[in-house]
>>> print(open('final_20.tsv').read())   # TSV, C-alpha atoms
chain	number	residue	atom	x	y	z
A	7	MET	CA	-45.28	-52.93	-117.96
A	8	PHE	CA	-42.15	-54.93	-118.45
A	9	ARG	CA	-41.82	-57.70	-121.02
A	10	GLU	CA	-40.27	-61.00	-120.05
A	11	SER	CA	-37.75	-62.57	-122.50
A	12	ALA	CA	-38.08	-66.22	-123.65
A	13	TRP	CA	-36.09	-68.79	-121.89
A	14	SER	CA	-34.08	-71.43	-123.88
A	15	GLY	CA	-34.41	-75.14	-123.29
A	16	ALA	CA	-30.82	-75.59	-122.23
A	17	GLU	CA	-31.18	-73.03	-119.68
A	18	GLU	CA	-34.36	-74.69	-118.51
A	19	GLY	CA	-32.64	-77.99	-118.07
A	20	ALA	CA	-29.74	-76.49	-116.32
A	21	ALA	CA	-32.09	-74.81	-114.01
A	22	GLU	CA	-33.74	-78.07	-113.16
A	23	ASP	CA	-30.46	-79.89	-112.46
A	24	ALA	CA	-28.83	-77.02	-110.63
A	25	PRO	CA	-29.27	-76.68	-106.94
A	26	PRO	CA	-31.64	-73.98	-105.71
A	27	ALA	CA	-30.06	-70.64	-105.51
A	28	SER	CA	-31.11	-67.15	-104.69
A	29	PRO	CA	-33.53	-65.60	-107.13
A	30	ALA	CA	-31.91	-63.85	-109.97
A	31	PRO	CA	-32.13	-60.13	-110.12
A	32	ARG	CA	-34.81	-58.61	-112.27
A	33	ARG	CA	-33.75	-57.59	-115.67
A	34	PRO	CA	-33.83	-53.91	-116.43
A	35	PRO	CA	-36.92	-52.71	-118.27
A	36	ALA	CA	-37.00	-52.08	-121.90
A	37	ALA	CA	-35.79	-48.85	-123.41
A	38	ALA	CA	-39.34	-47.47	-123.98
A	39	SER	CA	-40.30	-48.01	-120.41
A	40	ARG	CA	-37.11	-46.36	-119.22
A	41	ARG	CA	-37.79	-43.34	-121.37
A	42	HIS	CA	-41.31	-43.11	-120.04
A	43	LEU	CA	-40.05	-43.12	-116.45
A	44	LEU	CA	-37.43	-40.49	-117.16
A	45	ALA	CA	-40.05	-38.21	-118.72
A	46	THR	CA	-42.24	-38.61	-115.66
A	47	LEU	CA	-39.36	-37.74	-113.35
A	48	ARG	CA	-38.52	-34.64	-115.37
A	49	ARG	CA	-42.10	-33.46	-115.19
A	50	LEU	CA	-42.12	-33.94	-111.42
A	51	GLU	CA	-38.84	-32.03	-111.06
A	52	ALA	CA	-40.22	-29.21	-113.19
A	53	ALA	CA	-43.36	-29.05	-111.08
A	54	ALA	CA	-41.24	-28.98	-107.91
A	55	ARG	CA	-39.16	-26.09	-109.28
A	56	ARG	CA	-42.27	-24.06	-110.13
A	57	SER	CA	-43.58	-24.43	-106.52
A	58	PRO	CA	-40.57	-24.58	-104.21
A	59	LEU	CA	-42.65	-24.11	-101.02
A	60	ALA	CA	-45.06	-26.89	-101.77
A	61	SER	CA	-43.25	-29.51	-99.78
A	62	SER	CA	-42.44	-27.24	-96.90
A	63	SER	CA	-46.00	-25.87	-96.76
A	64	SER	CA	-47.47	-29.32	-96.85
A	65	SER	CA	-45.28	-30.45	-93.99
A	66	SER	CA	-45.99	-27.31	-91.96
A	67	GLU	CA	-49.68	-27.62	-92.63
A	68	GLY	CA	-49.56	-31.17	-91.42
A	69	SER	CA	-47.84	-30.26	-88.19
A	70	ALA	CA	-49.98	-27.16	-87.66
A	71	ALA	CA	-53.12	-29.08	-88.37
A	72	SER	CA	-52.17	-31.72	-85.86
A	73	GLU	CA	-51.67	-29.16	-83.09
A	74	PRO	CA	-55.13	-27.48	-83.29
A	75	GLU	CA	-56.70	-30.86	-83.70
A	76	ALA	CA	-55.10	-31.96	-80.46
A	77	ALA	CA	-56.10	-28.69	-78.75
A	78	GLU	CA	-59.64	-28.56	-80.15
A	79	GLY	CA	-60.51	-32.03	-79.12
A	80	PRO	CA	-61.74	-34.98	-81.09
A	81	VAL	CA	-65.09	-33.50	-82.19
A	82	ARG	CA	-63.71	-30.29	-83.71
A	83	ALA	CA	-60.75	-32.17	-85.21
A	84	HIS	CA	-63.08	-34.65	-86.83
A	85	LYS	CA	-65.20	-31.84	-88.29
A	86	ARG	CA	-62.12	-30.05	-89.57
A	87	ARG	CA	-60.75	-33.23	-91.17
A	88	ALA	CA	-64.13	-33.95	-92.72
A	89	GLY	CA	-64.19	-30.47	-94.26
A	90	ARG	CA	-60.94	-30.94	-96.07
A	91	ARG	CA	-61.23	-31.84	-99.72
A	92	LEU	CA	-58.36	-32.70	-102.04
A	93	LYS	CA	-57.83	-30.78	-105.24
A	94	PRO	CA	-55.54	-32.13	-108.01
A	95	ALA	CA	-52.58	-29.91	-108.74
A	96	ALA	CA	-52.75	-27.95	-111.97
A	97	SER	CA	-49.30	-29.17	-113.05
A	98	LEU	CA	-50.37	-32.83	-112.97
A	99	THR	CA	-53.75	-32.67	-114.69
A	100	ALA	CA	-52.31	-32.98	-118.19
A	101	ALA	CA	-50.13	-36.05	-117.60
A	102	GLY	CA	-49.09	-38.64	-115.08
A	103	THR	CA	-50.71	-41.63	-113.64
A	104	ALA	CA	-53.66	-41.51	-111.33
A	105	GLU	CA	-51.50	-42.51	-108.35
A	106	GLU	CA	-48.87	-39.85	-109.03
A	107	GLY	CA	-51.57	-37.24	-109.64
A	108	ALA	CA	-53.27	-38.14	-106.41
A	109	ARG	CA	-49.92	-37.90	-104.52
A	110	ALA	CA	-49.05	-34.57	-106.09
A	111	GLY	CA	-52.56	-33.30	-105.48
A	112	LYS	CA	-52.42	-34.37	-101.85
A	113	ASP	CA	-49.23	-32.40	-101.38
A	114	GLU	CA	-50.68	-29.20	-102.86
A	115	THR	CA	-54.29	-29.37	-101.70
A	116	VAL	CA	-56.11	-26.69	-99.67
A	117	PRO	CA	-59.09	-27.80	-97.56
A	118	ALA	CA	-62.38	-26.69	-99.10
A	119	GLY	CA	-63.98	-25.66	-95.84
A	120	GLY	CA	-60.79	-24.34	-94.25
A	121	GLY	CA	-61.24	-20.70	-95.33
A	122	ASP	CA	-64.81	-20.65	-94.11
A	123	SER	CA	-63.86	-22.10	-90.74
A	124	VAL	CA	-61.01	-19.62	-90.28
A	125	SER	CA	-63.25	-16.67	-91.17
A	126	GLY	CA	-65.93	-18.00	-88.80
A	127	ASP	CA	-63.41	-18.19	-85.97
A	128	LYS	CA	-62.32	-14.64	-86.66
A	129	GLN	CA	-65.91	-13.45	-86.56
A	130	GLU	CA	-66.50	-15.24	-83.28
A	131	ASN	CA	-63.37	-13.66	-81.80
A	132	ARG	CA	-64.44	-10.21	-82.98
A	133	ALA	CA	-67.92	-10.68	-81.51
A	134	ALA	CA	-66.42	-11.77	-78.19
A	135	GLU	CA	-64.06	-8.78	-78.16
A	136	SER	CA	-66.90	-6.38	-78.95
A	137	LYS	CA	-69.00	-7.86	-76.11
A	138	ALA	CA	-66.09	-7.53	-73.71
A	139	LYS	CA	-65.54	-3.90	-74.72
A	140	ALA	CA	-69.27	-3.14	-74.30
A	141	ALA	CA	-69.22	-4.71	-70.83
A	142	GLU	CA	-66.15	-2.65	-69.85
A	143	GLU	CA	-67.76	0.56	-71.08
A	144	LYS	CA	-70.92	-0.28	-69.17
A	145	LEU	CA	-68.90	-0.80	-66.02
A	146	LYS	CA	-67.10	2.51	-66.52
A	147	GLN	CA	-70.37	4.44	-66.76
A	148	PRO	CA	-71.29	6.15	-63.46
A	149	LEU	CA	-74.18	4.47	-61.65
A	150	SER	CA	-77.05	6.36	-60.10
A	151	ARG	CA	-77.62	5.99	-56.37
A	152	LYS	CA	-80.61	3.72	-56.97
A	153	GLN	CA	-78.68	1.47	-59.34
A	154	TRP	CA	-75.75	1.26	-56.89
A	155	ARG	CA	-78.15	0.39	-54.06
A	156	ASN	CA	-79.78	-2.36	-56.14
A	157	ARG	CA	-76.39	-3.79	-57.04
A	158	GLN	CA	-75.31	-3.89	-53.41
A	159	LYS	CA	-78.61	-5.51	-52.49
A	160	ASN	CA	-78.10	-8.22	-55.10
A	161	LYS	CA	-74.57	-8.82	-53.82
A	162	ARG	CA	-75.85	-9.27	-50.29
A	163	ARG	CA	-78.52	-11.67	-51.50
A	164	GLN	CA	-75.96	-13.76	-53.33
A	165	LYS	CA	-73.68	-13.79	-50.27
A	166	ASN	CA	-76.50	-14.85	-47.95
A	167	LYS	CA	-77.71	-17.42	-50.47
A	168	PHE	CA	-74.48	-19.42	-50.31
A	169	LYS	CA	-74.01	-19.12	-46.55
A	170	ALA	CA	-74.41	-22.44	-44.85
A	171	GLY	CA	-77.34	-22.93	-42.52
A	172	GLY	CA	-79.11	-19.61	-43.18
A	173	GLY	CA	-81.12	-18.21	-40.28
A	174	LEU	CA	-78.94	-16.63	-37.65
A	175	GLY	CA	-75.77	-17.73	-39.45
A	176	ALA	CA	-76.71	-15.67	-42.50
A	177	MET	CA	-77.44	-12.51	-40.54
A	178	GLU	CA	-75.10	-9.56	-40.69
A	179	PRO	CA	-73.08	-8.78	-37.58
A	180	PRO	CA	-74.80	-6.38	-35.17
A	181	GLY	CA	-72.18	-3.66	-35.61
A	182	SER	CA	-72.33	-3.64	-39.42
A	183	LEU	CA	-73.98	-0.77	-41.23
A	184	PRO	CA	-75.77	-0.86	-44.59
A	185	PRO	CA	-73.70	0.30	-47.59
A	186	GLU	CA	-75.96	3.33	-48.02
A	187	ALA	CA	-74.86	4.62	-44.62
A	188	SER	CA	-71.22	4.50	-45.67
A	189	LEU	CA	-71.90	6.96	-48.49
A	190	LEU	CA	-73.43	9.54	-46.15
A	191	PRO	CA	-70.92	12.02	-44.76
A	192	GLU	CA	-70.23	11.19	-41.17
A	193	GLU	CA	-71.13	14.06	-38.93
A	194	PRO	CA	-68.26	15.15	-36.71
A	195	LEU	CA	-68.63	14.44	-33.04
A	196	GLY	CA	-68.41	18.11	-32.11
A	197	THR	CA	-71.12	19.13	-34.60
A	198	ARG	CA	-73.39	16.34	-33.43
A	199	ALA	CA	-72.96	17.37	-29.82
A	200	ALA	CA	-73.63	21.01	-30.68
A	201	SER	CA	-76.84	20.14	-32.55
A	202	LEU	CA	-78.01	17.95	-29.69
A	203	ARG	CA	-77.29	20.72	-27.24
A	204	LEU	CA	-79.22	23.17	-29.40
A	205	GLN	CA	-82.23	20.84	-29.49
A	206	MET	CA	-82.15	20.47	-25.75
A	207	GLU	CA	-81.94	24.23	-25.28
A	208	GLU	CA	-84.93	24.71	-27.56
A	209	ARG	CA	-86.93	22.19	-25.57
A	210	LEU	CA	-85.97	23.89	-22.33
A	211	ASP	CA	-86.93	27.30	-23.72
A	212	SER	CA	-90.30	25.92	-24.84
A	213	ALA	CA	-90.90	24.45	-21.40
A	214	ARG	CA	-89.92	27.70	-19.71
A	215	PHE	CA	-92.16	29.69	-22.06
A	216	ARG	CA	-95.16	27.53	-21.19
A	217	TYR	CA	-94.43	27.90	-17.48
A	218	ILE	CA	-94.02	31.70	-17.64
A	219	ASN	CA	-97.13	32.06	-19.81
A	220	GLN	CA	-99.13	30.08	-17.29
A	221	GLN	CA	-97.88	32.31	-14.45
A	222	LEU	CA	-98.85	35.48	-16.31
A	223	TYR	CA	-102.41	34.30	-16.97
A	224	THR	CA	-103.07	32.84	-13.51
A	225	ARG	CA	-101.60	35.58	-11.31
A	226	PRO	CA	-102.30	39.27	-10.71
A	227	SER	CA	-100.27	41.75	-12.73
A	228	HIS	CA	-98.12	42.96	-9.81
A	229	GLU	CA	-96.93	39.37	-9.13
A	230	ALA	CA	-95.96	39.01	-12.79
A	231	ALA	CA	-93.87	42.18	-12.50
A	232	HIS	CA	-92.18	40.78	-9.41
A	233	LEU	CA	-91.46	37.48	-11.24
A	234	PHE	CA	-89.53	39.19	-14.02
A	235	GLN	CA	-87.68	41.46	-11.63
A	236	GLU	CA	-86.31	38.40	-9.85
A	237	ASP	CA	-85.37	36.64	-13.13
A	238	PRO	CA	-84.74	39.17	-15.94
A	239	GLU	CA	-83.72	36.38	-18.34
A	240	ALA	CA	-87.21	34.89	-18.06
A	241	PHE	CA	-88.69	37.85	-19.94
A	242	ALA	CA	-86.36	37.29	-22.92
A	243	VAL	CA	-87.21	33.57	-22.90
A	244	TYR	CA	-90.91	34.38	-22.85
A	245	HIS	CA	-90.70	36.76	-25.80
A	246	ARG	CA	-88.62	34.30	-27.84
A	247	GLY	CA	-91.34	31.70	-27.35
A	248	PHE	CA	-94.00	34.31	-28.08
A	249	ALA	CA	-92.29	35.22	-31.36
A	250	GLN	CA	-92.32	31.54	-32.36
A	251	GLN	CA	-96.06	31.43	-31.71
A	252	VAL	CA	-96.66	34.62	-33.69
A	253	ALA	CA	-94.86	33.10	-36.70
A	254	ARG	CA	-97.56	30.38	-36.83
A	255	TRP	CA	-100.49	32.80	-36.74
A	256	PRO	CA	-102.25	33.86	-39.95
A	257	GLU	CA	-101.93	37.50	-38.82
A	258	ASN	CA	-100.43	39.40	-35.94
A	259	PRO	CA	-103.31	41.43	-34.43
A	260	VAL	CA	-101.04	44.39	-33.66
A	261	GLN	CA	-100.86	45.05	-37.41
A	262	ARG	CA	-104.62	45.60	-37.42
A	263	PHE	CA	-104.22	48.38	-34.86
A	264	VAL	CA	-101.31	49.85	-36.83
A	265	ARG	CA	-103.56	50.19	-39.89
A	266	TYR	CA	-106.35	51.66	-37.75
A	267	LEU	CA	-104.15	54.37	-36.20
A	268	ARG	CA	-102.51	55.28	-39.51
A	269	ASN	CA	-105.96	56.30	-40.71
A	270	ARG	CA	-106.48	58.54	-37.66
A	271	PRO	CA	-104.93	61.95	-36.93
A	272	ALA	CA	-101.26	61.82	-35.90
A	273	SER	CA	-102.04	64.21	-33.04
A	274	LEU	CA	-103.79	61.50	-31.03
A	275	VAL	CA	-101.84	60.32	-27.97
A	276	VAL	CA	-101.68	56.56	-27.57
A	277	ALA	CA	-101.06	54.42	-24.48
A	278	ASP	CA	-99.86	50.89	-25.33
A	279	PHE	CA	-100.42	48.52	-22.37
A	280	GLY	CA	-98.17	45.45	-22.58
A	281	CYS	CA	-96.23	46.80	-25.57
A	282	GLY	CA	-93.63	44.00	-25.80
A	283	ASP	CA	-91.06	45.03	-28.43
A	284	CYS	CA	-92.75	48.38	-29.21
A	285	THR	CA	-94.02	47.36	-32.65
A	286	LEU	CA	-96.87	49.87	-32.42
A	287	ALA	CA	-94.62	52.78	-31.43
A	288	ARG	CA	-92.20	51.99	-34.29
A	289	SER	CA	-94.97	51.79	-36.90
A	290	ILE	CA	-97.00	54.98	-36.43
A	291	ARG	CA	-96.30	58.72	-36.21
A	292	ASN	CA	-98.37	59.29	-33.11
A	293	LYS	CA	-96.94	59.86	-29.66
A	294	VAL	CA	-97.03	56.48	-27.92
A	295	HIS	CA	-96.56	55.69	-24.22
A	296	SER	CA	-95.28	52.13	-24.08
A	297	PHE	CA	-95.71	50.13	-20.84
A	298	ASP	CA	-94.60	46.64	-19.87
A	299	VAL	CA	-93.26	44.66	-16.91
A	300	MET	CA	-89.77	44.46	-18.53
A	301	ALA	CA	-88.03	46.57	-21.17
A	302	LEU	CA	-87.01	45.12	-24.51
A	303	ASP	CA	-86.72	48.61	-26.02
A	304	PRO	CA	-85.52	51.97	-24.62
A	305	ARG	CA	-88.97	53.43	-25.23
A	306	VAL	CA	-90.58	51.02	-22.74
A	307	THR	CA	-91.65	52.23	-19.30
A	308	VAL	CA	-91.45	49.40	-16.77
A	309	CYS	CA	-94.45	49.32	-14.45
A	310	ASP	CA	-97.46	47.36	-13.32
A	311	MET	CA	-100.35	47.57	-15.81
A	312	SER	CA	-102.77	48.51	-13.04
A	313	GLN	CA	-100.62	51.50	-12.03
A	314	VAL	CA	-99.17	53.36	-15.02
A	315	PRO	CA	-97.32	56.69	-14.52
A	316	LEU	CA	-99.78	58.86	-16.49
A	317	GLU	CA	-102.08	61.68	-15.49
A	318	ALA	CA	-105.81	61.22	-15.63
A	319	ALA	CA	-107.51	61.94	-18.98
A	320	SER	CA	-104.16	62.41	-20.72
A	321	VAL	CA	-104.45	60.00	-23.70
A	322	ASP	CA	-106.82	59.59	-26.63
A	323	VAL	CA	-106.34	55.87	-27.41
A	324	ALA	CA	-105.66	52.96	-25.03
A	325	VAL	CA	-104.48	49.69	-26.64
A	326	PHE	CA	-104.53	46.16	-25.17
A	327	CYS	CA	-103.11	43.78	-27.78
A	328	LEU	CA	-103.03	40.33	-26.15
A	329	ALA	CA	-102.26	42.13	-22.88
A	330	LEU	CA	-105.29	41.40	-20.66
A	331	MET	CA	-103.33	38.67	-18.91
A	332	GLY	CA	-103.60	39.17	-15.12
A	333	THR	CA	-106.43	37.95	-12.98
A	334	ASN	CA	-107.06	41.55	-11.86
A	335	LEU	CA	-108.82	42.55	-15.11
A	336	CYS	CA	-111.07	45.05	-13.41
A	337	GLU	CA	-108.14	47.03	-11.97
A	338	ILE	CA	-106.33	47.10	-15.32
A	339	LEU	CA	-109.40	48.30	-17.27
A	340	GLU	CA	-110.22	50.90	-14.62
A	341	GLU	CA	-106.65	52.24	-15.00
A	342	ALA	CA	-107.23	52.50	-18.76
A	343	SER	CA	-110.48	54.36	-18.11
A	344	ARG	CA	-108.66	56.73	-15.75
A	345	VAL	CA	-105.99	57.81	-18.28
A	346	LEU	CA	-108.48	58.06	-21.19
A	347	ARG	CA	-110.31	61.26	-22.01
A	348	VAL	CA	-114.04	61.09	-22.36
A	349	GLY	CA	-114.74	60.11	-25.93
A	350	GLY	CA	-111.40	58.34	-26.13
A	351	THR	CA	-111.00	54.92	-27.80
A	352	LEU	CA	-110.27	51.55	-26.21
A	353	LEU	CA	-108.85	48.90	-28.59
A	354	VAL	CA	-108.80	45.26	-27.42
A	355	ALA	CA	-107.50	42.19	-29.27
A	356	GLU	CA	-107.60	38.79	-27.58
A	357	VAL	CA	-107.51	35.12	-28.39
A	358	ALA	CA	-110.96	33.96	-29.43
A	359	SER	CA	-110.90	30.94	-27.13
A	360	ARG	CA	-110.60	33.17	-24.05
A	361	PHE	CA	-114.13	34.53	-24.42
A	362	ALA	CA	-116.48	32.15	-22.63
A	363	ASP	CA	-119.37	34.61	-23.05
A	364	LEU	CA	-118.66	37.58	-25.31
A	365	ARG	CA	-122.02	39.28	-24.62
A	366	ALA	CA	-121.50	39.16	-20.87
A	367	PHE	CA	-117.98	40.52	-21.29
A	368	LEU	CA	-119.24	43.47	-23.37
A	369	GLY	CA	-121.95	44.12	-20.76
A	370	ALA	CA	-119.30	44.26	-18.03
A	371	LEU	CA	-117.28	46.77	-20.06
A	372	ALA	CA	-120.38	48.92	-20.44
A	373	ARG	CA	-120.70	49.06	-16.67
A	374	LEU	CA	-117.08	50.26	-16.57
A	375	GLY	CA	-118.02	53.18	-18.87
A	376	PHE	CA	-117.08	51.73	-22.33
A	377	GLN	CA	-119.57	51.53	-25.15
A	378	LEU	CA	-119.03	49.08	-28.05
A	379	VAL	CA	-118.40	50.80	-31.40
A	380	SER	CA	-117.42	47.82	-33.58
A	381	LYS	CA	-116.24	44.23	-33.27
A	382	ASP	CA	-114.61	41.70	-35.56
A	383	VAL	CA	-115.24	38.10	-34.55
A	384	SER	CA	-114.72	36.59	-38.03
A	385	GLY	CA	-111.13	35.55	-37.38
A	386	SER	CA	-110.27	31.98	-36.48
A	387	HIS	CA	-107.70	33.00	-33.85
A	388	PHE	CA	-108.52	36.47	-32.51
A	389	TYR	CA	-111.41	38.80	-31.72
A	390	ALA	CA	-110.94	42.58	-32.13
A	391	LEU	CA	-113.06	45.15	-30.24
A	392	GLU	CA	-113.35	48.94	-30.58
A	393	LEU	CA	-115.01	50.75	-27.66
A	394	ARG	CA	-115.53	54.39	-26.72
A	395	LYS	CA	-115.35	55.86	-23.22
A	396	GLU	CA	-118.76	57.32	-22.40
A	397	GLY	CA	-118.14	58.40	-18.83
A	398	PRO	CA	-117.13	57.22	-15.37
A	399	SER	CA	-117.58	53.67	-14.15
A	400	ARG	CA	-121.12	52.58	-13.17
A	401	LYS	CA	-120.23	49.36	-11.43
A	402	PRO	CA	-121.68	48.65	-7.97
A	403	GLY	CA	-119.65	50.40	-5.30
A	404	GLY	CA	-118.00	52.78	-7.78
A	405	ALA	CA	-114.53	52.85	-9.28
A	406	GLY	CA	-111.61	51.71	-7.21
A	407	THR	CA	-113.59	49.42	-4.94
A	408	GLY	CA	-111.90	46.32	-6.39
A	409	LYS	CA	-115.18	44.52	-7.02
A	410	SER	CA	-115.51	43.26	-10.62
A	411	PRO	CA	-118.80	43.52	-12.48
A	412	ALA	CA	-120.49	40.29	-13.48
A	413	GLY	CA	-119.24	38.80	-16.73
A	414	LEU	CA	-115.85	40.51	-16.66
A	415	ALA	CA	-113.77	37.34	-17.01
A	416	LEU	CA	-111.47	35.76	-19.58
A	417	LEU	CA	-110.20	32.23	-19.68
A	418	PRO	CA	-106.41	31.77	-19.39
A	419	CYS	CA	-104.56	31.16	-22.63
A	420	LEU	CA	-102.45	28.10	-21.91
A	421	TYR	CA	-100.28	26.43	-24.56
A	422	LYS	CA	-100.36	22.65	-24.75
A	423	ARG	CA	-97.20	20.62	-24.67
A	424	ARG	CA	-96.41	19.39	-28.22
>>> encode(input="final_20.tsv", output="structure tokens")
Amino acid sequence: MFRESAWSGAEEGAAEDAPPASPAPRRPPAAASRRHLLATLRRLEAAARRSPLASSSSSSEGSAASEPEAAEGPVRAHKRRAGRRLKPAASLTAAGTAEEGARAGKDETVPAGGGDSVSGDKQENRAAESKAKAAEEKLKQPLSRKQWRNRQKNKRRQKNKFKAGGGLGAMEPPGSLPPEASLLPEEPLGTRAASLRLQMEERLDSARFRYINQQLYTRPSHEAAHLFQEDPEAFAVYHRGFAQQVARWPENPVQRFVRYLRNRPASLVVADFGCGDCTLARSIRNKVHSFDVMALDPRVTVCDMSQVPLEAASVDVAVFCLALMGTNLCEILEEASRVLRVGGTLLVAEVASRFADLRAFLGALARLGFQLVSKDVSGSHFYALELRKEGPSRKPGGAGTGKSPAGLALLPCLYKRR
């Protein structure tokens, strides 16, 4: 670049004789070279004026690039550095040396893969934010009881999984309750005690009903009347249990007799033996004499079924609806024959299982003066009989002797303990 001037011989000799000295300063370059350098400097200054932030941006980029590189680690930093590509500045493409152009281009370069990497990071951040929002919304949604139970079960499994030793060490404490029990409303102590007391009272009533029912079917009718006179509450207990039994039946047999009498003249006088709650008297227009050992209704006349306060031959229909209970069946049926007019009707409804021999029972009634008119034995629970009074009793020894004709017997109706 610079031209060296010729040296004269005198100077050469002097240089040889002279002692060594410090090297002489370089001579200034020629005028052409100086002008060339000045032009290059002007161009650089002009380029710097056109982009005043170039130097600052390059320095900031350098510092900023160093920070993420340190934070990202060596692998990501190496990839990011490898993605950077240098672009020559537009102001230096027309002139300047290769070294100056490379320096200027390095100051003003933008990495080729930098924009793609920044946009990729933004997309990754957005995807992560969207996943986080979706997870939060999923957590906010109300869980069904089954989903909540499964989640609690999984939590317990995870807890037991990491417990040391397993076995007895992983078991829950004896006093702990499952999470499902905590959701159920805790019943107050007073309510729980009241419900327990009610259950016990129901069991006691059922036991008392079975006992009273057994006494009625295994004793004479006058002893049953004496039993209820000593304990009036026992009659109410018995009828509560009886009503529970009636609710389980396919049909209450008293309704059959109600339909029968509604199709007969209203002038017929009816005697209802063992009337209970007077269902028959409340359901028909006929005059009804209601008899029972205790009164649940003002229309009931309390008496023994073998001795009713009626005149002989004073009624047209005598009804026994589940009322042939005492062991003195002959006395009770003879009393019904006494109060019935000749040609009157005897209606009997009893549990089917009580008839050990239905033909023998009908034969015994015939000897008491009752002739069978019709019978209904198709029901699964009850038999219904319609008989007509033909005349006085023909049993051996006559009426009132207390001797029962052969076959006049019914099995007791005893309820099993459930």
>>> residues_around(input="final_20.tsv", residues="A:Leu364", least_positions_apart="3", cutoff="10 Å", atoms="only C-alpha atoms", output="list in words")
Ala358, Arg360, Phe361, Phe367, Leu368, Gly369, Ala370, Val383, Tyr389, Gly413, Leu414, Ala415 and Leu416 of chain A
>>> write_last_selection(input="final_20.tsv", atoms="C-alpha atoms", output="mmCIF file, in the frame of the given file")
data_model
loop_
_atom_site.group_PDB
_atom_site.id
_atom_site.type_symbol
_atom_site.label_atom_id
_atom_site.label_comp_id
_atom_site.auth_asym_id
_atom_site.auth_seq_id
_atom_site.Cartn_x
_atom_site.Cartn_y
_atom_site.Cartn_z
ATOM 1 C CA ALA A 358 -110.960 33.960 -29.430
ATOM 2 C CA ARG A 360 -110.600 33.170 -24.050
ATOM 3 C CA PHE A 361 -114.130 34.530 -24.420
ATOM 4 C CA PHE A 367 -117.980 40.520 -21.290
ATOM 5 C CA LEU A 368 -119.240 43.470 -23.370
ATOM 6 C CA GLY A 369 -121.950 44.120 -20.760
ATOM 7 C CA ALA A 370 -119.300 44.260 -18.030
ATOM 8 C CA VAL A 383 -115.240 38.100 -34.550
ATOM 9 C CA TYR A 389 -111.410 38.800 -31.720
ATOM 10 C CA GLY A 413 -119.240 38.800 -16.730
ATOM 11 C CA LEU A 414 -115.850 40.510 -16.660
ATOM 12 C CA ALA A 415 -113.770 37.340 -17.010
ATOM 13 C CA LEU A 416 -111.470 35.760 -19.580
#
>>> atom_distance(input="final_20.tsv", atom1="atom CA of A:Leu302", atom2="atom CA of A:Asp283")
5.6 Å
>>> closest_residue(input="final_20.tsv", among="A:Ala141, A:Val260, A:Val294, A:Val299", to="A:Phe388", atoms="only C-alpha atoms")
A:Val260
>>> closest_residue(input="final_20.tsv", among="A:Leu149, A:Leu204, A:Ala324, A:Ala230", to="A:Leu274", atoms="all atoms listed in the file")
A:Ala324
>>> closest_residue(input="final_20.tsv", among="A:Arg132, A:His232, A:Lys161, A:Arg246", to="A:Arg214", atoms="all atoms listed in the file")
A:Arg246
>>> atom_distance(input="final_20.tsv", atom1="atom CA of A:Ser320", atom2="atom CA of A:Glu356")
24.8 Å
>>> atom_distance(input="final_20.tsv", atom1="atom CA of A:Ser343", atom2="atom CA of A:Asp322")
10.6 Å
>>> closest_residue(input="final_20.tsv", among="A:Cys281, A:Leu391, A:Val276, A:Ala329", to="A:Arg347", atoms="all atoms listed in the file")
A:Val276
>>> closest_residue(input="final_20.tsv", among="A:Thr46, A:Ser359, A:Asn258, A:Ser201", to="A:Cys327", atoms="all atoms listed in the file")
A:Asn258
>>> build_atoms(input="final_20.tsv", residues="stretch 225-231 of chain A", atoms="N, CA, C and O atoms", output="JSON list (two decimals), keeping the file's coordinate frame")
[["chain", "number", "residue", "atom", "x", "y", "z"],
["A", 225, "ARG", "N", -101.99, 34.75, -12.44],
["A", 225, "ARG", "CA", -101.60, 35.58, -11.31],
["A", 225, "ARG", "C", -101.99, 37.03, -11.56],
["A", 225, "ARG", "O", -102.16, 37.44, -12.71],
["A", 226, "PRO", "N", -102.07, 37.84, -10.50],
["A", 226, "PRO", "CA", -102.30, 39.27, -10.71],
["A", 226, "PRO", "C", -101.11, 39.93, -11.38],
["A", 226, "PRO", "O", -99.98, 39.40, -11.39],
["A", 227, "SER", "N", -101.31, 41.08, -11.94],
["A", 227, "SER", "CA", -100.27, 41.75, -12.73],
["A", 227, "SER", "C", -99.07, 42.15, -11.88],
["A", 227, "SER", "O", -97.93, 42.12, -12.36],
["A", 228, "HIS", "N", -99.27, 42.53, -10.62],
["A", 228, "HIS", "CA", -98.12, 42.96, -9.81],
["A", 228, "HIS", "C", -97.23, 41.77, -9.48],
["A", 228, "HIS", "O", -96.01, 41.91, -9.34],
["A", 229, "GLU", "N", -97.77, 40.53, -9.36],
["A", 229, "GLU", "CA", -96.93, 39.37, -9.13],
["A", 229, "GLU", "C", -96.12, 39.02, -10.39],
["A", 229, "GLU", "O", -94.98, 38.55, -10.28],
["A", 230, "ALA", "N", -96.70, 39.24, -11.55],
["A", 230, "ALA", "CA", -95.96, 39.01, -12.79],
["A", 230, "ALA", "C", -94.77, 39.96, -12.88],
["A", 230, "ALA", "O", -93.66, 39.57, -13.29],
["A", 231, "ALA", "N", -94.97, 41.22, -12.49],
["A", 231, "ALA", "CA", -93.87, 42.18, -12.50],
["A", 231, "ALA", "C", -92.78, 41.75, -11.53],
["A", 231, "ALA", "O", -91.58, 41.84, -11.83]]
